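Data block below; observations after.
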Amino acid sequence: MNKTVINKKLLMTLASLSILSACGGGGGSSEKEVKVAPTPELATVSISTLVSIAVEKNNQIAKFKIERDSGNEELTINYQLSGNSDVTKGSASNNDYQLFYADGTAVADNFIIPANESSRIVELVPNKDESFEVPEQLNINIAEHDSYQLGENASVSLTIIDAENTRENAKVFYGVFAPQGDAITSGTGVLSFILQGDNEQGELNYSFTNLGSEQTDQHIHLAPSGTMIKDLEEFGNIEGMVWDLAPGGIFKTEQEMLDTLFNGEFFVNIHSADYPQGEISATLLYDANITPPAPVDLTAADVDRDIIRFLNQTTFGATPEDYEPLRAQINADGSNRMQVYNQWIDQQIAMPTSSLYDFTDAITDYFPEEPGVYVRRDAFYNLALHGKDQLRQRMAFALSQILVVSDEAAAIRNAYKGASLYWDNLASHAFGYYNDALYDATLSPIMGTWLSHLYNQKQDVGAGYYPDENYAREVMQLFSFGLVHLNKDGTIALGEDNLPIPTYNNETIKEMARVFTGLSFRYKNDGAKKVANNNFFLGDWANEYQYRWLEPMKFFTSEHDYGSKTLFTDVNGTVTVAASTNKTEAAAMAEVAHVVDSLVAHSSTAPFISKQLIQRFVTSNPSTGYVERVANKFAEKGDLTATIKAILLDEEARNPKVQNSISFGKVKEPVIQLTAALRLFKAKSRIALDDTADTTFEKPIPGLDLELASQYQPGASLIRMGDIEIGQRALGANSVFNFYLPSYTPSGALASNSLMSPELQLLTEAQMFATMNIYNTLMTDSLYRNGPGKYSEVYDNWHLKVWLQQDDYWDIWEKTSGTDTDKATAVVDHLDFYLNAGQMKANNNQGTRKIFIENLANSASSNRFKLAFYGSNTSPEFMIQK
């Protein structure tokens, strides 16, 4: 019970006893009525932050306000102080600050709000010292007391830092590579580490040459013991790598790491085949006299490439129509590009959603003899190629590879409208919260049949029935926190036995399975009508109207387990579900919502999901700092707007110099490769989505005149290419583990360098040649879905053929002056720019680019366009996104 309420009742009881005493005890009467003054309401006290950061160097103070909502008497308020709950990070002590009221009076053991005042401002003044300290957190919590009650905001968190993160406040550490120990080598190099003003993280750069044998590894070590502190996953020279001073080796806190850094005890060493313990090394030494360099200016070419990189990360393929508006807004030196990118993201978020369900439904009527699943599969490419909400659809595609369902299952193939709606639900949550996306996925009948918690009954020992555990397992293993506990930066957390800590066990799965009992279809068909379903075992077959697949599942209370449940354990304790005597559907829904929220709030979910989203959009091997920065934005509910902005605007994602890195980037998955080519070459059929008729031929081909045509880009036409064999299709994974595992590493150089490349799990010889054959068909003929017979009195297969447009490329050829080599160079550079962000040209590729240009220049006129398309889409650079 609330302490304030107890005190109120106690006062009233005492007052009553006083009345009885004055009246002579029970049963007596009094000649005079005794009046008791009403107990005054207690003031509600709250605290709020005004300035959250205090800075030692420039004496910036932090501020907060304490206030009450009633009362005029002087009020004493108890408070408690605490540090960072993360013991690895910094906490402020009494020696780091002083507390004063705004009038200069020192704060004592309690806060005082004077008589006739409703609030008071408190200032935290940092104590300036000569120490180098990590950011130190101070939490001020209003403590409970009988004289007031706590408001909703009863605590504030302030941070004390040494200096702001400006160039002037950065500290420079330098090093020179020299032979390590007794190594005999000509290897040499230089190193710098630029630590930002608040000492939280810095940028590591180094280069070296002339190793005596092949490099095998590189690390940061502690001298003189040689204990490894950090494994530098990249090979070769490093430029702009963020090192966040997260504890490693023997160190338990960031402050210990910082102290050791300034003591000059860290060194970087380069391992080689001849010297596996280290051939050369460089110690990081602080020099206060070195001024950090000014930020590297980007050239116009750097900025151009980054715009294309951004578009290839955020759309289904960069086009001139997308590039030119961005280029017009961004300064030549790129100084405002982050603001422009952020604005572009906001515009995409605000854009109306292209609906896979609506498109499928609209097109089905035109092709009544076509199985609905084929219409749904083809509808995806219309969204990907022509949808205006490109980022939302890319996010839906990424989420569909985490919250996996697949039409490999016959029931989902048949329930094509339900599968379309499942996609739309992912798209609707693309910029919302992950816990809402997971909640809707959990209750989707498509997911219910895919992972078999549809018809899941509570335990009946007598009948030998136990709840199905399939969804219970995967919602933890794949959809939230994974198999083992993770640190915020995505690294595996180890227990006292130095082994990974499992997030759940078999007992957890059994308990979790009980949460998802009692679910079945909400609606069914009664002829052409949608009616409520009262049959728990209603069949999962599809039919013309498919109503059973278009609404969330509902709970049949007789089949749901309302007992108490003990689930998984995290840093804040064990998640439990209390037994419910209120055996209603609302109670069961509330139970699922609580469990889903707890799954997403688990400390491992943010890094687990954040890393996979980084892999889908930017790079297969993000640094631990990158993962942590994104995970912090994901937070406890999975804020997907903050998450996607953190992914796309992070310094690692936006550095154009990463084209020189051998470990940054990702293999483009087959769908993204194909859509990029189709968008750039303006693939289209003869059938417009709007009412525009194709009058190229004697008999005009009318447009579809769809109401939803305005949601798509101008000139959009119907794309129906059929089930093309490229190894991947939307909502078509072979299993719940997606097309590839996020941690997949092919054997060979990638595995030996501890690098992951999920998409390469798809790359087989058969898949590679099948994909090339698809591109060849597009180039020499066209692609279309060869349906069962005549589609209508108006359209046939020929009208549906998807063609590549050649005009832009002939235009480049004709307008470029000079020799055929000059013309070929212009065409190749155009294709390289949009498809590869100019990788071939920027890296001065003397292999692929040179041969490509030579062959294009020397080919017959009739073959030039085909060679341009085929050559650009089978080049190594096209397959890699940097």
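Scheme for the structure tokens: letters A, B, ... for chains in order shown; per-chain residue numbers from 1; ligand numbers from 1 in order shown.
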Within 10 Å of Gly418 of chain A, counting only C-alpha atoms, which residues show up once you throw out same-chain ones fewer than 4 positions away? Write them as a PDB file with N, CA and C atoms, in the first residue's frame, please.
ATOM      1  N   TYR A 357      -0.872  -5.645 -49.806  1.00  0.00           N
ATOM      2  CA  TYR A 357      -2.219  -6.224 -49.815  1.00  0.00           C
ATOM      3  C   TYR A 357      -3.089  -5.534 -50.853  1.00  0.00           C
ATOM      4  N   ILE A 412       0.490 -21.033 -46.213  1.00  0.00           N
ATOM      5  CA  ILE A 412       0.798 -19.618 -46.426  1.00  0.00           C
ATOM      6  C   ILE A 412       0.769 -19.283 -47.913  1.00  0.00           C
ATOM      7  N   ARG A 413       1.156 -20.228 -48.764  1.00  0.00           N
ATOM      8  CA  ARG A 413       1.011 -19.999 -50.206  1.00  0.00           C
ATOM      9  C   ARG A 413      -0.447 -19.731 -50.551  1.00  0.00           C
ATOM     10  N   ASN A 414      -1.314 -20.557 -50.008  1.00  0.00           N
ATOM     11  CA  ASN A 414      -2.732 -20.421 -50.311  1.00  0.00           C
ATOM     12  C   ASN A 414      -3.336 -19.171 -49.675  1.00  0.00           C
ATOM     13  N   TYR A 422       0.566  -9.509 -43.785  1.00  0.00           N
ATOM     14  CA  TYR A 422       1.686  -9.666 -42.847  1.00  0.00           C
ATOM     15  C   TYR A 422       2.811  -8.699 -43.231  1.00  0.00           C
ATOM     16  N   TRP A 423       3.107  -8.625 -44.535  1.00  0.00           N
ATOM     17  CA  TRP A 423       4.125  -7.670 -45.011  1.00  0.00           C
ATOM     18  C   TRP A 423       3.733  -6.241 -44.658  1.00  0.00           C
ATOM     19  N   ASP A 424       2.470  -5.902 -44.905  1.00  0.00           N
ATOM     20  CA  ASP A 424       2.013  -4.542 -44.617  1.00  0.00           C
ATOM     21  C   ASP A 424       2.126  -4.212 -43.134  1.00  0.00           C
ATOM     22  N   SER A 444      -0.432 -12.858 -35.505  1.00  0.00           N
ATOM     23  CA  SER A 444      -0.797 -13.080 -36.900  1.00  0.00           C
ATOM     24  C   SER A 444      -1.079 -14.556 -37.155  1.00  0.00           C
ATOM     25  N   PRO A 445      -2.205 -14.884 -37.803  1.00  0.00           N
ATOM     26  CA  PRO A 445      -2.455 -16.291 -38.126  1.00  0.00           C
ATOM     27  C   PRO A 445      -1.426 -16.852 -39.105  1.00  0.00           C
ATOM     28  N   ILE A 446      -0.790 -15.963 -39.904  1.00  0.00           N
ATOM     29  CA  ILE A 446       0.279 -16.424 -40.792  1.00  0.00           C
ATOM     30  C   ILE A 446       1.449 -16.936 -39.964  1.00  0.00           C
ATOM     31  N   ALA A 542      -7.246 -22.145 -47.118  1.00  0.00           N
ATOM     32  CA  ALA A 542      -7.629 -20.829 -47.631  1.00  0.00           C
ATOM     33  C   ALA A 542      -8.844 -20.980 -48.520  1.00  0.00           C
ATOM     34  N   GLN A 546     -10.871 -15.541 -47.649  1.00  0.00           N
ATOM     35  CA  GLN A 546      -9.677 -15.598 -46.801  1.00  0.00           C
ATOM     36  C   GLN A 546      -9.795 -14.757 -45.526  1.00  0.00           C
ATOM     37  N   TYR A 547     -11.004 -14.543 -45.033  1.00  0.00           N
ATOM     38  CA  TYR A 547     -11.167 -13.689 -43.859  1.00  0.00           C
ATOM     39  C   TYR A 547     -10.392 -14.213 -42.654  1.00  0.00           C
ATOM     40  N   ARG A 548     -10.286 -15.525 -42.540  1.00  0.00           N
ATOM     41  CA  ARG A 548      -9.628 -16.081 -41.351  1.00  0.00           C
ATOM     42  C   ARG A 548      -8.170 -15.661 -41.258  1.00  0.00           C
ATOM     43  N   TRP A 549      -7.572 -15.243 -42.376  1.00  0.00           N
ATOM     44  CA  TRP A 549      -6.157 -14.877 -42.398  1.00  0.00           C
ATOM     45  C   TRP A 549      -5.922 -13.376 -42.270  1.00  0.00           C
ATOM     46  N   LEU A 550      -6.985 -12.594 -42.223  1.00  0.00           N
ATOM     47  CA  LEU A 550      -6.843 -11.143 -42.315  1.00  0.00           C
ATOM     48  C   LEU A 550      -7.020 -10.418 -40.993  1.00  0.00           C
ATOM     49  N   GLU A 551      -7.225 -11.130 -39.922  1.00  0.00           N
ATOM     50  CA  GLU A 551      -7.370 -10.506 -38.607  1.00  0.00           C
ATOM     51  C   GLU A 551      -6.457 -11.223 -37.614  1.00  0.00           C
TER      52      GLU A 551
END
Select from segment 723-756 of chain A every residue with an atom at most 7 Å from any atom of segment 662-678 of chain A, then for each give the shortest pair of atoms and their distance in Å to one decimal, using only C-alpha atoms, rows by chain and rising number, as JSON lines.
{"residue": "A:Ile726", "atom": "CA", "partner": "A:Pro670", "partner_atom": "CA", "distance": 6.1}
{"residue": "A:Gly727", "atom": "CA", "partner": "A:Pro670", "partner_atom": "CA", "distance": 6.9}
{"residue": "A:Gln728", "atom": "CA", "partner": "A:Pro670", "partner_atom": "CA", "distance": 6.3}
{"residue": "A:Arg729", "atom": "CA", "partner": "A:Val671", "partner_atom": "CA", "distance": 6.7}
Best match for closeness to Leu245 of chain A among A:Asn797, A:Gln767, A:Asn199, A:Ser157, counting only C-alpha atoms: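 Using only C-alpha atoms, the shortest distance to Leu245 of chain A belongs to A:Asn199.
Checking A:Glu585, A:Glu144, A:Asp378, A:Glu636 one by one against Ser46 of chain A, counting only C-alpha atoms, you find the shortest gap at A:Glu144.
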Could you tell me, as a VMD selection string, which residues of segment 432-598 of chain A DSSP assigns to strand (DSSP E or B) when given the backbone? chain A and resid 433 460 465 484 486 492 494 500 502 519 to 520 523 to 526 529 to 532 554 to 555 565 to 570 573 to 577
How about saving the chosen residues, C-alpha atoms kept, as a short mmCIF file (atom, residue, chain, number, x, y, z; two decimals), in the first residue's frame?
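What follows is the written file part.cif:
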data_model
loop_
_atom_site.label_atom_id
_atom_site.label_comp_id
_atom_site.auth_asym_id
_atom_site.auth_seq_id
_atom_site.Cartn_x
_atom_site.Cartn_y
_atom_site.Cartn_z
CA TYR A 433 8.46 0.24 -32.05
CA ASP A 460 -3.86 -31.88 -20.52
CA TYR A 465 -1.24 -33.20 -24.61
CA VAL A 484 23.33 -16.21 -25.11
CA LEU A 486 25.18 -10.11 -25.01
CA ILE A 492 29.11 -12.29 -25.91
CA LEU A 494 30.83 -14.44 -20.15
CA PRO A 500 28.82 -17.76 -22.54
CA PRO A 502 22.62 -18.97 -21.88
CA LEU A 519 -4.95 -18.99 -30.05
CA SER A 520 -7.04 -19.64 -33.14
CA TYR A 523 -13.10 -14.87 -38.13
CA LYS A 524 -14.30 -17.32 -40.75
CA ASN A 525 -16.41 -17.27 -43.88
CA ASP A 526 -20.13 -17.81 -44.08
CA LYS A 529 -19.72 -12.90 -45.30
CA LYS A 530 -17.17 -12.51 -42.54
CA VAL A 531 -18.47 -13.89 -39.25
CA ALA A 532 -16.96 -14.55 -35.84
CA LYS A 554 -8.02 -14.52 -30.77
CA PHE A 555 -7.83 -16.42 -27.50
CA LYS A 565 4.53 -18.70 -15.23
CA THR A 566 8.24 -18.19 -14.52
CA LEU A 567 10.08 -17.20 -17.66
CA PHE A 568 13.58 -15.90 -18.42
CA THR A 569 16.04 -14.02 -16.24
CA ASP A 570 17.82 -10.79 -17.11
CA GLY A 573 15.48 -10.12 -12.39
CA THR A 574 13.21 -12.91 -13.57
CA VAL A 575 10.18 -12.17 -15.72
CA THR A 576 7.05 -13.80 -14.35
CA VAL A 577 3.38 -13.93 -15.20
#
Using only C-alpha atoms, which of A:Asn734, A:Asn535, A:Ser743, A:Asn836 sits nearest Leu311 of chain A? A:Asn836
Residue list (helix (DSSP H, G or I), DSSP) for segment 531-704 of chain A, as number ranges by chain: A: 547-549, 557-559, 585-601, 605-617, 624-634, 640-649, 651-654, 656-660, 670-680
Would you kindly return, as a PyMOL selection string, each protein, DNA or RNA residue with an atom no farther than 9 Å from any atom of Asp287 of chain A, considering only C-alpha atoms and excluding same-chain residues fewer than 5 positions away? chain A and resi 171-174
Next, write the just-selected residues to a file, as a compact mmCIF listing (two decimals), in the first residue's frame, keeping all heavy atoms as the atom set.
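The resulting file, part_28.txt, is shown below:
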# COMPACT_ATOMS: atom_id res chain seq x y z
N LYS A 171 42.62 14.88 -27.51
CA LYS A 171 43.98 14.54 -27.10
C LYS A 171 44.57 13.55 -28.10
O LYS A 171 43.88 12.65 -28.54
CB LYS A 171 44.00 13.90 -25.70
CG LYS A 171 43.90 14.89 -24.55
CD LYS A 171 42.48 15.31 -24.24
CE LYS A 171 41.64 14.20 -23.64
NZ LYS A 171 40.28 14.66 -23.27
N VAL A 172 45.84 13.75 -28.43
CA VAL A 172 46.48 12.95 -29.46
C VAL A 172 47.51 12.01 -28.84
O VAL A 172 48.37 12.43 -28.06
CB VAL A 172 47.16 13.83 -30.52
CG1 VAL A 172 47.88 12.97 -31.55
CG2 VAL A 172 46.12 14.72 -31.21
N PHE A 173 47.41 10.73 -29.18
CA PHE A 173 48.40 9.71 -28.83
C PHE A 173 49.06 9.28 -30.14
O PHE A 173 48.38 9.13 -31.16
CB PHE A 173 47.73 8.51 -28.16
CG PHE A 173 47.05 8.83 -26.87
CD1 PHE A 173 45.82 9.49 -26.85
CD2 PHE A 173 47.63 8.48 -25.66
CE1 PHE A 173 45.20 9.80 -25.65
CE2 PHE A 173 47.01 8.78 -24.45
CZ PHE A 173 45.79 9.45 -24.45
N TYR A 174 50.35 9.11 -30.12
CA TYR A 174 51.05 8.72 -31.34
C TYR A 174 51.91 7.50 -31.06
O TYR A 174 52.18 7.13 -29.91
CB TYR A 174 51.92 9.88 -31.86
CG TYR A 174 53.18 10.09 -31.05
CD1 TYR A 174 54.39 9.50 -31.43
CD2 TYR A 174 53.17 10.84 -29.88
CE1 TYR A 174 55.53 9.67 -30.67
CE2 TYR A 174 54.30 11.02 -29.11
CZ TYR A 174 55.48 10.43 -29.51
OH TYR A 174 56.61 10.57 -28.76
Residues near Ser335 of chain A, anyone? I mean within 10 Å using only C-alpha atoms, not counting same-chain ones fewer than 6 positions away, as an NGL selection string. :A and (297-298 or 303)
Those residues with N, CA, C and O atoms, as a PDB file, in the first residue's frame please?
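Written out: selection-v1.pdb:
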ATOM      1  N   ASP A 297      38.701  17.241 -45.260  1.00  0.00           N
ATOM      2  CA  ASP A 297      37.702  17.766 -46.193  1.00  0.00           C
ATOM      3  C   ASP A 297      37.365  16.708 -47.230  1.00  0.00           C
ATOM      4  O   ASP A 297      38.243  16.006 -47.732  1.00  0.00           O
ATOM      5  N   LEU A 298      36.079  16.616 -47.533  1.00  0.00           N
ATOM      6  CA  LEU A 298      35.646  15.695 -48.574  1.00  0.00           C
ATOM      7  C   LEU A 298      35.717  16.395 -49.919  1.00  0.00           C
ATOM      8  O   LEU A 298      35.350  17.562 -50.056  1.00  0.00           O
ATOM      9  N   VAL A 303      31.731  13.322 -51.899  1.00  0.00           N
ATOM     10  CA  VAL A 303      30.342  13.632 -51.553  1.00  0.00           C
ATOM     11  C   VAL A 303      29.388  12.946 -52.526  1.00  0.00           C
ATOM     12  O   VAL A 303      28.379  12.355 -52.120  1.00  0.00           O
TER      13      VAL A 303
END
Determine, counting only C-alpha atoms, which protein, DNA and RNA residues have an atom within 10 Å of an atom of Arg305 of chain A; residues of the same chain fewer than 6 positions away are not included. Present the result as an NGL selection string. :A and (299 or 311 or 656-657 or 659 or 833-834 or 836-839 or 842)
Grab the residues selected above and save them as an mmCIF file, in the first residue's frame with all heavy atoms.
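Output saved as selection-v4.cif:
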data_model
loop_
_atom_site.group_PDB
_atom_site.id
_atom_site.type_symbol
_atom_site.label_atom_id
_atom_site.label_comp_id
_atom_site.auth_asym_id
_atom_site.auth_seq_id
_atom_site.Cartn_x
_atom_site.Cartn_y
_atom_site.Cartn_z
ATOM 1 N N THR A 299 36.188 15.691 -50.904
ATOM 2 C CA THR A 299 36.158 16.225 -52.258
ATOM 3 C C THR A 299 34.738 16.121 -52.799
ATOM 4 O O THR A 299 33.880 15.416 -52.249
ATOM 5 C CB THR A 299 37.107 15.443 -53.181
ATOM 6 O OG1 THR A 299 36.608 14.099 -53.311
ATOM 7 C CG2 THR A 299 38.519 15.418 -52.612
ATOM 8 N N LEU A 311 21.871 6.233 -50.889
ATOM 9 C CA LEU A 311 20.689 5.769 -51.611
ATOM 10 C C LEU A 311 20.686 4.256 -51.781
ATOM 11 O O LEU A 311 19.629 3.618 -51.711
ATOM 12 C CB LEU A 311 20.607 6.456 -52.978
ATOM 13 C CG LEU A 311 20.234 7.941 -52.946
ATOM 14 C CD1 LEU A 311 20.386 8.570 -54.317
ATOM 15 C CD2 LEU A 311 18.803 8.129 -52.432
ATOM 16 N N PRO A 656 33.013 8.074 -46.633
ATOM 17 C CA PRO A 656 33.259 7.600 -48.010
ATOM 18 C C PRO A 656 34.587 6.875 -48.162
ATOM 19 O O PRO A 656 34.785 6.139 -49.135
ATOM 20 C CB PRO A 656 33.261 8.898 -48.840
ATOM 21 C CG PRO A 656 32.604 9.924 -47.989
ATOM 22 C CD PRO A 656 32.901 9.536 -46.567
ATOM 23 N N LYS A 657 35.501 7.058 -47.201
ATOM 24 C CA LYS A 657 36.819 6.441 -47.302
ATOM 25 C C LYS A 657 36.782 4.928 -47.063
ATOM 26 O O LYS A 657 37.781 4.249 -47.264
ATOM 27 C CB LYS A 657 37.778 7.083 -46.299
ATOM 28 C CG LYS A 657 37.899 8.598 -46.412
ATOM 29 C CD LYS A 657 38.494 9.035 -47.736
ATOM 30 C CE LYS A 657 38.734 10.541 -47.757
ATOM 31 N NZ LYS A 657 39.269 11.007 -49.054
ATOM 32 N N GLN A 659 35.691 2.756 -48.775
ATOM 33 C CA GLN A 659 35.935 1.990 -50.002
ATOM 34 C C GLN A 659 37.327 1.377 -49.998
ATOM 35 O O GLN A 659 37.588 0.417 -50.721
ATOM 36 C CB GLN A 659 35.771 2.890 -51.226
ATOM 37 C CG GLN A 659 34.314 3.244 -51.500
ATOM 38 C CD GLN A 659 34.103 3.869 -52.858
ATOM 39 O OE1 GLN A 659 33.129 3.586 -53.537
ATOM 40 N NE2 GLN A 659 34.996 4.729 -53.260
ATOM 41 N N PHE A 833 28.958 4.393 -61.274
ATOM 42 C CA PHE A 833 28.567 5.399 -60.283
ATOM 43 C C PHE A 833 27.281 5.000 -59.572
ATOM 44 O O PHE A 833 27.216 4.967 -58.342
ATOM 45 C CB PHE A 833 28.405 6.760 -60.968
ATOM 46 C CG PHE A 833 28.013 7.870 -60.031
ATOM 47 C CD1 PHE A 833 28.892 8.327 -59.056
ATOM 48 C CD2 PHE A 833 26.766 8.479 -60.134
ATOM 49 C CE1 PHE A 833 28.539 9.355 -58.197
ATOM 50 C CE2 PHE A 833 26.401 9.506 -59.280
ATOM 51 C CZ PHE A 833 27.289 9.946 -58.309
ATOM 52 N N TYR A 834 26.232 4.675 -60.314
ATOM 53 C CA TYR A 834 24.931 4.403 -59.701
ATOM 54 C C TYR A 834 24.832 3.013 -59.089
ATOM 55 O O TYR A 834 24.206 2.840 -58.035
ATOM 56 C CB TYR A 834 23.812 4.617 -60.721
ATOM 57 C CG TYR A 834 23.534 6.082 -60.952
ATOM 58 C CD1 TYR A 834 24.020 6.733 -62.081
ATOM 59 C CD2 TYR A 834 22.827 6.831 -60.025
ATOM 60 C CE1 TYR A 834 23.796 8.088 -62.286
ATOM 61 C CE2 TYR A 834 22.590 8.182 -60.215
ATOM 62 C CZ TYR A 834 23.083 8.811 -61.338
ATOM 63 O OH TYR A 834 22.869 10.149 -61.510
ATOM 64 N N ASN A 836 27.521 1.017 -58.164
ATOM 65 C CA ASN A 836 28.622 0.663 -57.270
ATOM 66 C C ASN A 836 29.163 1.839 -56.468
ATOM 67 O O ASN A 836 30.199 1.712 -55.822
ATOM 68 C CB ASN A 836 29.793 0.065 -58.064
ATOM 69 C CG ASN A 836 29.358 -0.960 -59.080
ATOM 70 O OD1 ASN A 836 28.460 -1.758 -58.820
ATOM 71 N ND2 ASN A 836 29.984 -0.940 -60.254
ATOM 72 N N ALA A 837 28.485 2.976 -56.513
ATOM 73 C CA ALA A 837 28.999 4.198 -55.882
ATOM 74 C C ALA A 837 30.400 4.520 -56.389
ATOM 75 O O ALA A 837 31.251 5.027 -55.664
ATOM 76 C CB ALA A 837 28.990 4.089 -54.362
ATOM 77 N N GLY A 838 30.644 4.204 -57.661
ATOM 78 C CA GLY A 838 31.910 4.559 -58.295
ATOM 79 C C GLY A 838 33.111 3.778 -57.809
ATOM 80 O O GLY A 838 34.247 4.261 -57.895
ATOM 81 N N GLN A 839 32.894 2.546 -57.311
ATOM 82 C CA GLN A 839 34.021 1.767 -56.763
ATOM 83 C C GLN A 839 35.102 1.507 -57.799
ATOM 84 O O GLN A 839 36.299 1.617 -57.501
ATOM 85 C CB GLN A 839 33.518 0.423 -56.224
ATOM 86 C CG GLN A 839 32.737 0.486 -54.938
ATOM 87 C CD GLN A 839 32.410 -0.905 -54.437
ATOM 88 O OE1 GLN A 839 33.302 -1.668 -54.064
ATOM 89 N NE2 GLN A 839 31.136 -1.258 -54.454
ATOM 90 N N ALA A 842 36.935 4.884 -58.537
ATOM 91 C CA ALA A 842 37.613 5.424 -57.359
ATOM 92 C C ALA A 842 38.828 4.603 -56.975
ATOM 93 O O ALA A 842 39.837 5.139 -56.513
ATOM 94 C CB ALA A 842 36.636 5.486 -56.181
#
Within 9 Å of Asn873 of chain A, counting only C-alpha atoms, which residues qualify if same-chain residues fewer than 3 places away don't, as a list in words?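 Neighbouring residues, sequence-local ones excluded: Gln673, Leu674, Ala677, Met772, Tyr775, Leu835, Ala868, Phe869, Tyr870, Pro876, Glu877, Phe878 and Met879 of chain A.
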How would the residues just chosen look if you wrote them out with C-alpha atoms as a PDB file, in the first residue's frame?
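Final output, part_3.pdb:
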ATOM      1  CA  GLN A 673      21.135  -6.818 -56.782  1.00  0.00           C
ATOM      2  CA  LEU A 674      18.223  -7.422 -59.146  1.00  0.00           C
ATOM      3  CA  ALA A 677      19.610  -3.132 -61.936  1.00  0.00           C
ATOM      4  CA  MET A 772      23.488 -14.811 -64.665  1.00  0.00           C
ATOM      5  CA  TYR A 775      20.245 -11.245 -66.395  1.00  0.00           C
ATOM      6  CA  LEU A 835      25.332   0.670 -59.192  1.00  0.00           C
ATOM      7  CA  ALA A 868      26.688  -2.620 -70.888  1.00  0.00           C
ATOM      8  CA  PHE A 869      23.897  -4.257 -68.900  1.00  0.00           C
ATOM      9  CA  TYR A 870      25.426  -7.711 -68.598  1.00  0.00           C
ATOM     10  CA  PRO A 876      32.608  -8.046 -58.683  1.00  0.00           C
ATOM     11  CA  GLU A 877      32.016  -4.428 -57.640  1.00  0.00           C
ATOM     12  CA  PHE A 878      28.292  -4.739 -58.377  1.00  0.00           C
ATOM     13  CA  MET A 879      28.006  -7.643 -55.963  1.00  0.00           C
TER      14      MET A 879
END
For Ala102 of chain A, list every protein, DNA or RNA residue within 8 Å, evaluated using only C-alpha atoms, and leave out those in the same chain fewer than 3 positions away; present the list as an NGL selection string. :A and (105 or 120-123)
